[in-house]
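Pasting entry.cif here (mmCIF, C-alpha atoms):
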```cif
data_coords
loop_
_atom_site.label_atom_id
_atom_site.label_comp_id
_atom_site.auth_asym_id
_atom_site.auth_seq_id
_atom_site.Cartn_x
_atom_site.Cartn_y
_atom_site.Cartn_z
CA MET A 160 14.30 31.13 35.61
CA HIS A 161 11.74 33.49 34.12
CA TYR A 162 8.81 31.75 32.38
CA LYS A 163 9.39 33.69 29.13
CA THR A 164 13.04 32.70 29.14
CA LEU A 165 12.10 29.06 29.77
CA PHE A 166 9.57 29.14 26.93
CA ILE A 167 12.11 30.59 24.50
CA LEU A 168 14.62 27.95 25.56
CA ILE A 169 12.10 25.15 24.93
CA LEU A 170 11.32 26.59 21.48
CA TYR A 171 15.04 26.84 20.75
CA VAL A 172 15.63 23.20 21.65
CA PHE A 173 12.54 21.54 20.18
CA THR A 174 11.81 23.59 17.04
CA PRO A 175 14.76 22.12 15.06
CA LEU A 176 13.69 18.64 16.18
CA LEU A 177 10.11 19.30 15.08
CA LEU A 178 11.19 20.69 11.70
CA THR A 179 13.56 17.75 11.23
CA SER A 180 10.71 15.36 12.02
CA GLN A 181 8.38 17.12 9.54
CA GLU A 182 11.09 17.07 6.87
CA SER A 183 11.64 13.38 7.55
CA GLN A 184 7.91 12.71 7.23
CA ARG A 185 7.81 14.61 3.93
CA LYS A 186 10.73 12.60 2.61
CA SER A 187 9.11 9.38 3.81
CA SER A 188 5.81 10.26 2.10
CA PHE A 189 7.64 11.21 -1.09
CA THR A 190 9.62 7.96 -1.03
CA THR A 191 6.45 5.93 -0.45
CA PHE A 192 4.65 7.73 -3.28
CA LYS A 193 7.58 7.35 -5.69
CA GLU A 194 7.94 3.62 -4.97
CA SER A 195 4.21 2.95 -5.31
CA LEU A 196 3.63 5.16 -8.35
CA THR A 197 2.38 3.43 -11.49
CA MET A 198 1.29 4.94 -14.82
CA PRO A 199 -0.26 2.22 -16.98
CA LEU A 200 -1.13 3.07 -20.56
CA ASP A 201 -3.64 0.77 -22.25
CA GLY A 202 -4.54 1.05 -25.94
CA ARG A 203 -6.45 -0.92 -28.55
CA VAL A 204 -6.43 -0.33 -32.31
CA ASP A 205 -8.95 -2.05 -34.59
CA TYR A 206 -10.00 -2.44 -38.14
CA SER A 207 -13.77 -2.15 -37.66
CA TYR A 208 -16.55 -3.17 -39.99
CA VAL A 209 -19.99 -2.25 -38.65
CA ASP A 210 -23.18 -2.98 -40.58
CA TYR A 211 -26.52 -1.74 -39.25
CA GLU A 212 -29.68 -3.35 -40.50
CA ASN A 213 -31.08 0.11 -41.22
CA SER A 214 -28.42 2.79 -41.50
CA SER A 215 -29.48 6.27 -40.35
CA ASP A 216 -27.98 9.67 -39.62
CA GLN A 217 -27.25 8.55 -36.06
CA PHE A 218 -26.16 5.02 -36.87
CA LYS A 219 -24.05 4.85 -40.00
CA ASN A 220 -22.18 1.84 -41.27
CA ILE A 221 -18.46 1.85 -40.47
CA ASN A 222 -15.51 0.51 -42.45
CA LYS A 223 -12.30 2.00 -41.07
CA PHE A 224 -9.31 1.76 -38.75
CA GLU A 225 -9.90 3.29 -35.35
CA ILE A 226 -8.49 3.60 -31.84
CA SER A 227 -11.11 1.75 -29.84
CA ASN A 228 -9.56 2.49 -26.44
CA LEU A 229 -6.75 4.62 -25.07
CA ILE A 230 -6.68 4.68 -21.27
CA TYR A 231 -4.07 6.42 -19.13
CA GLN A 232 -3.92 6.01 -15.34
CA ILE A 233 -1.94 7.24 -12.34
CA ARG A 234 -1.96 5.31 -9.07
CA GLY A 235 0.09 6.05 -5.97
CA SER A 236 0.12 5.89 -2.17
CA LEU A 237 1.12 8.76 0.08
CA ASN A 238 1.31 6.38 3.05
CA PRO A 239 -0.18 2.98 3.97
CA ASN A 240 -3.61 4.63 4.40
CA ILE A 241 -3.98 7.30 1.72
CA SER A 242 -3.82 6.71 -2.04
CA ILE A 243 -4.91 8.45 -5.24
CA HIS A 244 -6.32 7.15 -8.51
CA PHE A 245 -6.54 9.09 -11.77
CA ARG A 246 -7.83 7.63 -15.03
CA THR A 247 -8.58 9.35 -18.31
CA VAL A 248 -9.44 8.62 -21.92
CA PHE A 249 -8.95 11.02 -24.81
CA ASP A 250 -12.35 11.35 -26.45
CA SER A 251 -13.81 14.60 -25.08
CA ASN A 252 -12.84 18.09 -23.93
CA LEU A 253 -16.26 19.01 -22.51
CA VAL A 254 -16.79 19.97 -18.86
CA ASN A 255 -19.73 18.24 -17.17
CA SER A 256 -21.94 19.48 -14.35
CA SER A 257 -19.49 18.09 -11.77
CA ASN A 258 -16.94 20.65 -13.05
CA ILE A 259 -14.65 17.95 -14.41
CA LEU A 260 -13.75 17.02 -17.97
CA ASP A 261 -15.91 14.24 -19.40
CA ASN A 262 -12.84 12.30 -20.45
CA ILE A 263 -11.63 12.02 -16.83
CA GLN A 264 -13.16 8.76 -15.66
CA CYS A 265 -11.55 8.59 -12.21
CA ALA A 266 -10.02 11.23 -9.94
CA SER A 267 -10.34 10.07 -6.35
CA VAL A 268 -8.62 10.21 -2.99
CA ASN A 269 -8.89 6.90 -1.12
CA TYR A 270 -8.46 6.16 2.58
CA LEU A 271 -7.90 2.60 3.87
CA THR A 272 -7.95 2.13 7.63
CA SER A 273 -4.92 0.57 9.29
CA ASN A 274 -6.77 -2.69 9.94
CA GLU A 275 -7.64 -2.81 6.19
CA HIS A 276 -11.34 -3.29 6.91
CA TRP A 277 -12.75 0.10 5.84
CA LEU A 278 -12.17 1.83 2.51
CA PHE A 279 -13.42 5.37 1.80
CA LYS A 280 -13.33 7.13 -1.57
CA ALA A 281 -14.22 10.69 -2.52
CA GLY A 282 -14.20 12.22 -5.98
CA ARG A 283 -14.83 10.45 -9.27
CA PHE A 284 -14.52 6.67 -9.31
CA ILE A 285 -15.91 3.48 -10.81
CA MET A 286 -19.33 2.65 -9.40
CA SER A 287 -19.56 -0.94 -8.15
CA VAL A 288 -22.09 -2.51 -10.51
CA GLY A 289 -22.70 -6.15 -9.68
CA THR A 290 -22.02 -7.84 -13.01
CA VAL A 291 -18.83 -9.39 -14.31
CA GLU A 292 -19.28 -7.52 -17.60
CA GLN A 293 -18.83 -4.16 -15.88
CA LEU A 294 -15.55 -5.32 -14.31
CA TYR A 295 -13.85 -6.03 -17.63
CA ASN A 296 -11.27 -3.62 -18.92
CA GLY A 297 -12.89 -1.82 -21.87
CA SER A 298 -10.11 -3.09 -24.14
CA ASP A 299 -11.23 -6.66 -23.42
CA VAL A 300 -14.85 -6.15 -24.52
CA TYR A 301 -15.91 -6.20 -28.15
CA VAL A 302 -19.69 -5.97 -27.62
CA TYR A 303 -21.56 -5.01 -24.45
CA SER A 304 -25.09 -5.90 -23.45
CA VAL A 305 -27.63 -3.06 -23.62
CA ALA A 306 -27.76 -2.71 -19.83
CA GLY A 307 -23.99 -2.94 -19.56
CA ASN A 308 -23.52 -0.36 -22.29
CA ASN A 309 -25.89 2.26 -20.92
CA PHE A 310 -25.42 1.84 -17.17
CA GLY A 311 -22.77 4.52 -16.63
CA VAL A 312 -20.10 3.41 -14.16
CA PHE A 313 -17.87 6.49 -13.90
CA LYS A 314 -19.55 8.64 -11.25
CA THR A 315 -18.74 11.53 -8.89
CA GLY A 316 -19.59 11.12 -5.23
CA PHE A 317 -18.69 9.23 -2.08
CA ASN A 318 -17.98 5.55 -1.40
CA VAL A 319 -17.66 3.52 1.80
CA GLN A 320 -16.75 -0.18 1.75
CA TYR A 321 -16.24 -2.79 4.46
CA ILE A 322 -13.72 -5.56 3.75
CA THR A 323 -13.92 -8.77 5.75
CA ASN A 324 -10.97 -10.92 6.79
CA ASP A 325 -11.51 -13.23 3.80
CA ARG A 326 -11.76 -10.21 1.41
CA GLN A 327 -15.52 -10.07 0.95
CA ARG A 328 -16.46 -6.47 0.09
CA ILE A 329 -19.73 -4.83 1.11
CA GLY A 330 -20.22 -1.21 0.09
CA PHE A 331 -22.52 1.78 -0.21
CA GLN A 332 -22.15 4.65 -2.70
CA VAL A 333 -23.98 7.91 -3.26
CA VAL A 334 -23.09 9.57 -6.58
CA ASN A 335 -24.42 12.01 -9.13
CA ALA A 336 -27.02 10.19 -11.22
CA ASP A 337 -25.79 11.83 -14.41
CA ASP A 338 -22.86 14.23 -14.56
CA ASP A 339 -24.10 15.60 -17.88
CA LEU A 340 -27.48 16.83 -16.67
CA ASP A 341 -27.84 19.89 -14.45
CA GLU A 342 -30.34 18.13 -12.22
CA SER A 343 -30.18 17.61 -8.48
CA GLN A 344 -30.45 13.85 -8.73
CA PHE A 345 -28.40 11.22 -6.92
CA THR A 346 -27.93 7.48 -7.40
CA TYR A 347 -27.65 5.26 -4.32
CA ASN A 348 -25.89 1.94 -4.73
CA VAL A 349 -25.50 -0.99 -2.31
CA ASN A 350 -23.08 -3.67 -3.48
CA TRP A 351 -21.39 -6.92 -2.52
CA MET A 352 -18.27 -8.27 -4.24
CA GLY A 353 -17.37 -11.66 -2.82
CA HIS A 354 -16.25 -15.21 -3.49
CA LEU A 355 -17.04 -18.80 -2.57
CA PHE A 356 -14.97 -21.99 -2.36
CA ASP A 357 -11.56 -20.33 -2.26
CA ASN A 358 -12.25 -18.02 -5.23
CA LYS A 359 -13.46 -20.82 -7.50
CA ILE A 360 -16.70 -18.86 -7.65
CA GLN A 361 -16.65 -15.05 -7.62
CA THR A 362 -19.93 -13.33 -6.81
CA TYR A 363 -21.18 -9.82 -7.60
CA MET A 364 -24.37 -8.03 -6.61
CA SER A 365 -25.64 -4.47 -6.60
CA LEU A 366 -28.97 -2.74 -5.99
CA SER A 367 -29.27 0.83 -7.26
CA THR A 368 -31.91 3.53 -7.22
CA SER A 369 -32.07 7.24 -8.02
CA ASP A 370 -34.10 10.25 -6.96
CA LYS A 371 -37.37 10.35 -8.86
CA ILE A 372 -37.99 12.90 -11.62
CA GLY A 373 -41.58 14.06 -11.94
CA ASP A 374 -44.24 11.36 -11.76
CA MET A 375 -42.17 8.50 -13.17
CA ASP A 376 -41.95 5.16 -11.34
CA MET A 377 -39.12 4.67 -8.85
CA PRO A 378 -35.85 4.07 -10.76
CA TYR A 379 -33.99 0.85 -10.04
CA GLY A 380 -31.08 -1.25 -11.22
CA ILE A 381 -30.64 -4.88 -10.17
CA ASN A 382 -27.33 -6.46 -11.17
CA LEU A 383 -26.19 -10.00 -10.36
CA GLY A 384 -23.08 -11.76 -11.62
CA VAL A 385 -21.14 -14.97 -11.08
CA ARG A 386 -17.72 -15.91 -12.44
CA TRP A 387 -16.91 -19.63 -12.43
CA ASN A 388 -13.14 -20.25 -12.30
CA LEU A 389 -12.63 -23.80 -13.54
CA GLN A 390 -8.84 -23.86 -13.98
CA ARG A 391 -8.27 -22.78 -17.59
CA LEU A 392 -11.99 -22.38 -18.25
CA LYS A 393 -13.84 -19.25 -17.12
CA ILE A 394 -17.61 -18.84 -17.37
CA ASP A 395 -19.17 -15.44 -16.66
CA THR A 396 -22.95 -15.31 -16.13
CA ASP A 397 -24.78 -12.02 -15.53
CA PHE A 398 -28.31 -10.71 -15.05
CA ALA A 399 -29.27 -7.03 -15.17
CA MET A 400 -32.70 -5.42 -14.84
CA VAL A 401 -32.97 -1.63 -15.12
CA LYS A 402 -35.79 0.91 -15.26
CA ASN A 403 -35.81 4.72 -15.32
CA MET A 404 -32.09 5.09 -14.57
CA ALA A 405 -29.93 7.67 -16.36
CA ASN A 406 -29.06 6.86 -20.02
CA PHE A 407 -32.18 4.68 -20.49
CA TYR A 408 -35.50 5.59 -22.10
CA ARG A 409 -38.01 6.47 -19.39
CA GLY A 410 -40.73 3.88 -18.84
CA GLY A 411 -38.90 0.94 -20.38
CA GLU A 412 -37.85 -2.06 -18.29
CA TYR A 413 -34.55 -3.39 -19.62
CA ILE A 414 -33.22 -6.89 -19.06
CA SER A 415 -29.81 -8.11 -20.23
CA VAL A 416 -28.32 -11.58 -19.75
CA PRO A 417 -24.73 -11.85 -21.06
CA ILE A 418 -22.96 -15.22 -20.79
CA LYS A 419 -19.30 -15.56 -21.70
CA VAL A 420 -17.19 -18.73 -21.94
CA GLU A 421 -13.41 -18.34 -22.29
CA TYR A 422 -10.67 -20.95 -22.40
CA SER A 423 -7.04 -20.02 -21.76
CA TRP A 424 -4.05 -21.74 -23.31
CA ASP A 425 -0.57 -20.30 -22.96
CA HIS A 426 -0.94 -18.15 -26.06
CA PHE A 427 -4.52 -18.54 -27.32
CA ARG A 428 -7.63 -17.41 -25.45
CA PRO A 429 -10.75 -17.93 -27.57
CA TYR A 430 -14.17 -17.11 -26.20
CA VAL A 431 -17.84 -17.16 -27.09
CA LYS A 432 -20.28 -14.66 -25.64
CA TYR A 433 -24.07 -14.79 -25.90
CA ILE A 434 -26.24 -11.80 -24.98
CA TYR A 435 -29.99 -11.75 -24.52
CA ASN A 436 -31.48 -8.23 -24.43
CA GLN A 437 -35.11 -7.38 -23.74
CA VAL A 438 -37.04 -4.15 -23.23
CA ASP A 439 -40.69 -3.82 -22.26
CA PHE A 440 -42.39 -0.43 -22.64
CA GLY A 441 -45.78 -1.69 -21.45
CA SER A 442 -49.11 -1.49 -23.20
CA ASP A 443 -48.71 2.25 -23.94
CA GLY A 444 -45.52 1.56 -25.85
CA PHE A 445 -42.83 4.03 -26.81
CA LYS A 446 -42.81 6.05 -30.05
CA ILE A 447 -39.56 6.14 -32.00
CA PRO A 448 -39.46 8.89 -34.68
CA LEU A 449 -38.39 7.64 -38.12
CA GLU A 450 -36.54 9.51 -40.89
CA ASP A 451 -39.63 9.69 -43.13
CA GLY A 452 -41.52 11.72 -40.53
CA THR A 453 -43.57 8.82 -39.19
CA SER A 454 -42.96 6.94 -35.96
CA GLU A 455 -42.78 3.36 -34.75
CA THR A 456 -44.42 2.27 -31.50
CA LEU A 457 -42.40 -0.22 -29.50
CA GLU A 458 -43.98 -2.32 -26.77
CA PHE A 459 -41.81 -5.40 -26.27
CA ILE A 460 -38.51 -6.28 -27.93
CA SER A 461 -36.19 -9.25 -27.46
CA ILE A 462 -32.86 -9.46 -29.23
CA HIS A 463 -30.13 -12.09 -29.36
CA SER A 464 -26.44 -11.49 -30.03
CA ILE A 465 -23.51 -13.88 -30.31
CA ILE A 466 -19.85 -12.86 -30.30
CA VAL A 467 -16.97 -15.16 -31.25
CA ALA A 468 -13.45 -13.97 -30.54
CA LEU A 469 -10.01 -15.47 -31.16
CA GLN A 470 -7.24 -13.84 -29.11
CA TYR A 471 -3.54 -14.51 -29.49
CA TYR A 472 -0.93 -13.52 -26.88
CA PRO A 473 2.58 -13.90 -28.33
CA ILE A 474 4.02 -13.28 -24.84
CA LYS A 475 2.72 -15.08 -21.76
CA SER A 476 1.01 -12.00 -20.34
CA ARG A 477 -1.94 -9.77 -21.12
CA ASN A 478 0.32 -6.93 -22.21
CA LEU A 479 0.22 -7.72 -25.92
CA ARG A 480 -2.67 -9.27 -27.84
CA PHE A 481 -3.84 -9.76 -31.40
CA HIS A 482 -7.55 -10.42 -31.84
CA LEU A 483 -10.27 -11.17 -34.35
CA ALA A 484 -13.89 -10.87 -33.20
CA THR A 485 -17.23 -11.17 -34.97
CA SER A 486 -20.64 -10.22 -33.63
CA ILE A 487 -24.05 -11.05 -35.11
CA THR A 488 -27.29 -9.59 -33.73
CA SER A 489 -30.81 -10.76 -34.55
CA ASP A 490 -34.05 -9.02 -35.46
CA ARG A 491 -33.35 -5.30 -35.58
CA ASN A 492 -31.00 -2.48 -34.64
CA ILE A 493 -30.55 -2.29 -30.89
CA SER A 494 -30.07 1.42 -31.53
CA LEU A 495 -33.79 1.72 -30.81
CA LEU A 496 -33.04 0.83 -27.19
CA THR A 497 -30.50 3.55 -26.43
CA PRO A 498 -31.50 7.22 -26.10
CA ASP A 499 -28.61 8.72 -28.05
CA PRO A 500 -25.25 7.34 -29.19
CA SER A 501 -23.59 10.61 -28.18
CA VAL A 502 -24.53 10.09 -24.51
CA PRO A 503 -21.39 9.73 -22.39
CA ASN A 504 -20.72 6.12 -21.33
CA SER A 505 -22.43 4.95 -24.52
CA ARG A 506 -20.53 2.86 -27.07
CA PRO A 507 -22.20 3.50 -30.46
CA GLY A 508 -20.80 0.42 -32.21
CA TYR A 509 -22.17 -2.11 -29.77
CA ASN A 510 -25.62 -2.35 -31.30
CA ALA A 511 -25.05 -3.22 -34.97
CA LYS A 512 -26.44 -6.26 -36.78
CA LEU A 513 -22.95 -7.34 -37.91
CA GLN A 514 -19.55 -6.31 -36.58
CA ILE A 515 -16.02 -7.46 -37.36
CA MET A 516 -13.08 -6.25 -35.28
CA ALA A 517 -9.47 -7.16 -35.99
CA GLY A 518 -6.65 -5.48 -34.18
CA LEU A 519 -3.99 -5.14 -31.52
CA ARG A 520 -4.16 -4.36 -27.81
CA ILE A 521 -1.06 -3.31 -25.83
CA ARG A 522 -0.54 -2.33 -22.20
CA PHE A 523 2.61 -1.15 -20.41
CA ASP A 524 3.61 1.06 -17.50
CA LEU A 525 5.32 4.37 -18.29
CA ILE A 526 7.35 4.08 -15.07
CA LYS A 527 7.70 0.36 -14.34
CA GLY A 528 8.15 -0.51 -18.01
CA TRP A 529 7.21 -3.72 -19.78
CA ASN A 530 6.46 -6.65 -17.50
#
```

Any chance you could put this one into structure tokens?
Amino acid sequence: MHYKTLFILILYVFTPLLLTSQESQRKSSFTTFKESLTMPLDGRVDYSYVDYENSSDQFKNINKFEISNLIYQIRGSLNPNISIHFRTVFDSNLVNSSNILDNIQCASVNYLTSNEHWLFKAGRFIMSVGTVEQLYNGSDVYVYSVAGNNFGVFKTGFNVQYITNDRQRIGFQVVNADDDLDESQFTYNVNWMGHLFDNKIQTYMSLSTSDKIGDMDMPYGINLGVRWNLQRLKIDTDFAMVKNMANFYRGGEYISVPIKVEYSWDHFRPYVKYIYNQVDFGSDGFKIPLEDGTSETLEFISIHSIIVALQYYPIKSRNLRFHLATSITSDRNISLLTPDPSVPNSRPGYNAKLQIMAGLRIRFDLIKGWN
């Protein structure tokens, strides 16, 4: 038989089989994606009363109803190895320097190896900051610490993580330091998310640094957290120390220590949270311009906050909650410690002398429904 004739015969026999196989794979991928697809919608509505010690143009007192959070997500798997994650809020239509809308918090493609030991992410994702406070859903936080508020966690870059047999996670990330500045500056983050004593103690740690700008000292972020799971009682203890990272005043060393104690009954989950915030600008200090044209030099500041929250879940799940929370902060406005309340990742209401929040939080899946 002529070689050309044999080749044509082979194509004639195997091409339909190959196309059938590809079509089968496409159907299998589509079925896998459809079955794994989730679209959770998470919203929180509050009556908010915010009283600053010294109201200003930037920090005005608030007395209104507001949507504190509205988060929409898409998660799905194309196969056992490849998945996608998309998450957005609805508070901005600006495009940042990563050519993505500011309100898109996550847009990543993830690859998990077949042995489930290596996880790779590319795109925009949540940076692994080693405090329990940064792991909370935003709808579950009424007041953040200064470090927790300003340390932006939604970053664009690359992530690699190793997962041990007992689910300890050790990772490295390189991301854009600030997606809203047209600077060639990266943040490098090493992290460990683990547990001890069969998850009775959950541990978190991260060490971060960024490329230097000018003659400033080397930027760093040290974050340590421990969650104590004592049956119905949960105690979250964090420590964060940050200097010269994005969203912080240059030259100031920031320390935040939030401690949260929560007790869970079937329907009631009250908690108390204490936050110690400190910033040290050194002997040269830092000049804050005032409205009357003068300035105030800050050298060392320490501030205490206490938050008391009563949360009621009429259904035995986290999908529906009524809450009443009050926050009192000592000494002065913490607004002096944040560069600008309009900075992305900043939460302007977190730093008031007195806050009262009363409202409703609801979460459900647009595909899977109420569960």

| request: Identify which of the residues A:Phe345, A:Tyr363, A:Phe481, A:Phe313 lies closest to Phe427 (chain A), counting all atoms listed in the file when measuring atom-to-atom distances. | output: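 Looking at the shortest contact to Phe427 (chain A), the residue is A:Phe481.
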
| query | If the PyMOL selection byres ((chain A and resi 442) around 10) is run on the structure shown, which residues does it catch, given as a VMD selection string? | reply | chain A and resid 439 to 441 443 to 445 457 to 459

| message | as an MDAnalysis selection string, please: the residues near Val333 (chain A) (cut-off 6 Å, all atoms listed in the file, same-chain neighbours under 5 positions excluded). | response | chainID A and resid 316:317 346:347

Convert the current residue selection to file output with C-alpha atoms, as a PDB file, keeping the file's coordinate frame.
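To be explicit, this is the file written out as again10.pdb:
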```pdb
ATOM      1  CA  GLY A 316     -19.590  11.120  -5.230  1.00  0.00           C
ATOM      2  CA  PHE A 317     -18.690   9.230  -2.080  1.00  0.00           C
ATOM      3  CA  THR A 346     -27.930   7.480  -7.400  1.00  0.00           C
ATOM      4  CA  TYR A 347     -27.650   5.260  -4.320  1.00  0.00           C
TER       5      TYR A 347
END
```

| remark: Taken to one decimal, the CA of Met404 (chain A)-CA of Ser367 (chain A) distance is 8.9 Å

| said: Please list as a PyMOL selection string every residue within 6 Å of Phe245 (chain A), counting all atoms listed in the file and excluding residues in the same chain fewer than 6 positions away. | reply: chain A and resi 232-233+265-266

| request: In Å, rounded to a single decimal, give me how far CA of Lys280 (chain A) is from CA of Val334 (chain A). | output: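 We find that CA of Val334 (chain A) and CA of Lys280 (chain A) lie 11.2 Å from each other.
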
| said: So that I can see what lies close to region 525-530 of chain A, please list as a list in words the residues with an atom at most 9 Å from it, counting only C-alpha atoms and leaving out residues fewer than 2 positions away in the same chain. | reply: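 Here the answer would be Leu196, Thr197, Met198, Pro199, Leu200, Ser476, Asn478, Arg522 and Phe523 of chain A.
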
| request: Quote the spacing between CA of Gly353 (chain A) and CA of Ile329 (chain A) in Å to one decimal place. | output: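 Taking CA of Gly353 (chain A) and CA of Ile329 (chain A), their separation equals 8.2 Å.
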
| Residue among A:Asp524, A:Asp357, A:Glu421, A:Asp337 lying closest to Ile466 (chain A), counting only C-alpha atoms |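 Of all the options, A:Glu421 lies closest to Ile466 (chain A).
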
Translate the PyMOL selection byres ((chain A and resi 464) around 7) into a concrete residue list for this structure, as a short mmCIF file (atom, residue, chain, number, x, y, z; two decimals) with C-alpha atoms, in the coordinates of the input.
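Result went into expr.cif, see below:
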```
data_model
loop_
_atom_site.label_atom_id
_atom_site.label_comp_id
_atom_site.auth_asym_id
_atom_site.auth_seq_id
_atom_site.Cartn_x
_atom_site.Cartn_y
_atom_site.Cartn_z
CA TYR A 433 -24.07 -14.79 -25.90
CA ILE A 434 -26.24 -11.80 -24.98
CA TYR A 435 -29.99 -11.75 -24.52
CA ILE A 462 -32.86 -9.46 -29.23
CA HIS A 463 -30.13 -12.09 -29.36
CA ILE A 465 -23.51 -13.88 -30.31
CA ILE A 466 -19.85 -12.86 -30.30
CA SER A 486 -20.64 -10.22 -33.63
CA ILE A 487 -24.05 -11.05 -35.11
CA THR A 488 -27.29 -9.59 -33.73
CA SER A 489 -30.81 -10.76 -34.55
#
```

Could the residues of region 213-301 of chain A that have an atom at most 12 Å from region 468-472 of chain A be listed as JSON lines, each with its closest atom pair and the distance in Å to one decimal, counting all atoms listed in the file and ordered by chain and ascending residue number?
```
{"residue": "A:Asp299", "atom": "CA", "partner": "A:Gln470", "partner_atom": "CA", "distance": 10.0}
{"residue": "A:Val300", "atom": "CA", "partner": "A:Ala468", "partner_atom": "CA", "distance": 10.0}
{"residue": "A:Tyr301", "atom": "CA", "partner": "A:Ala468", "partner_atom": "CA", "distance": 8.5}
```

| message | Every residue with an atom at most 6 Å from (-10.2, -2.7, -41.9) (file coordinates; all atoms listed in the file) is what I'm after, so could you write them as a list of chain:residue names? | response |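 Those residues, ordered by chain and then number, are A:Tyr206, A:Ser207, A:Lys223, A:Phe224.
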
Output file for the selection above: C-alpha atoms, as an mmCIF file, in the coordinates of the input:
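Below is the file out.cif, written as the result:
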```cif
data_model
loop_
_atom_site.group_PDB
_atom_site.id
_atom_site.type_symbol
_atom_site.label_atom_id
_atom_site.label_comp_id
_atom_site.auth_asym_id
_atom_site.auth_seq_id
_atom_site.Cartn_x
_atom_site.Cartn_y
_atom_site.Cartn_z
ATOM 1 C CA TYR A 206 -10.000 -2.440 -38.140
ATOM 2 C CA SER A 207 -13.770 -2.150 -37.660
ATOM 3 C CA LYS A 223 -12.300 2.000 -41.070
ATOM 4 C CA PHE A 224 -9.310 1.760 -38.750
#
```

| the PyMOL selection byres ((chain A and resi 328) around 12) applied to the shown file, residues as a PyMOL selection string | chain A and resi 275-278+287+289+319-327+329-331+349-354+361-365

| Which residue of A:Asn309, A:Lys193, A:Thr315, A:Ile360 approaches Leu260 (chain A) most closely, using all atoms listed in the file |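 The answer is A:Thr315, which sits nearest to Leu260 (chain A).
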
| task | Pick out the residues sitting within 6 Å of region 406-414 of chain A, and hand them over as a PyMOL selection string; count all atoms listed in the file, and ignore anything fewer than 3 positions along from it in its own chain. | result | chain A and resi 309+399-403+436-440+498

| message | Considering only C-alpha atoms, can you say which of A:Ser415, A:Asn269, A:Thr247, A:Ser236 comes closest to Ala306 (chain A)? | response |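 Smallest separation from Ala306 (chain A) among the options: A:Ser415.
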
| Nearest candidate to Pro429 (chain A) (options A:Thr485, A:Asn296, A:Asn238, A:Thr191; using only C-alpha atoms) |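 The closest residue to Pro429 (chain A) is A:Thr485.
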
| field | Residue nearest Ser227 (chain A) - candidates A:Val467, A:Met286, A:Ala517, A:Ile263, atoms counted: only C-alpha atoms | value |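 Checking each of A:Val467, A:Met286, A:Ala517, A:Ile263 against Ser227 (chain A), counting only C-alpha atoms, the winner is A:Ala517.
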
| 7 Å contact set for Arg386 (chain A), only C-alpha atoms, chain neighbours under 2 positions out, as a PyMOL selection string | chain A and resi 291+360-362+384+388+393-396
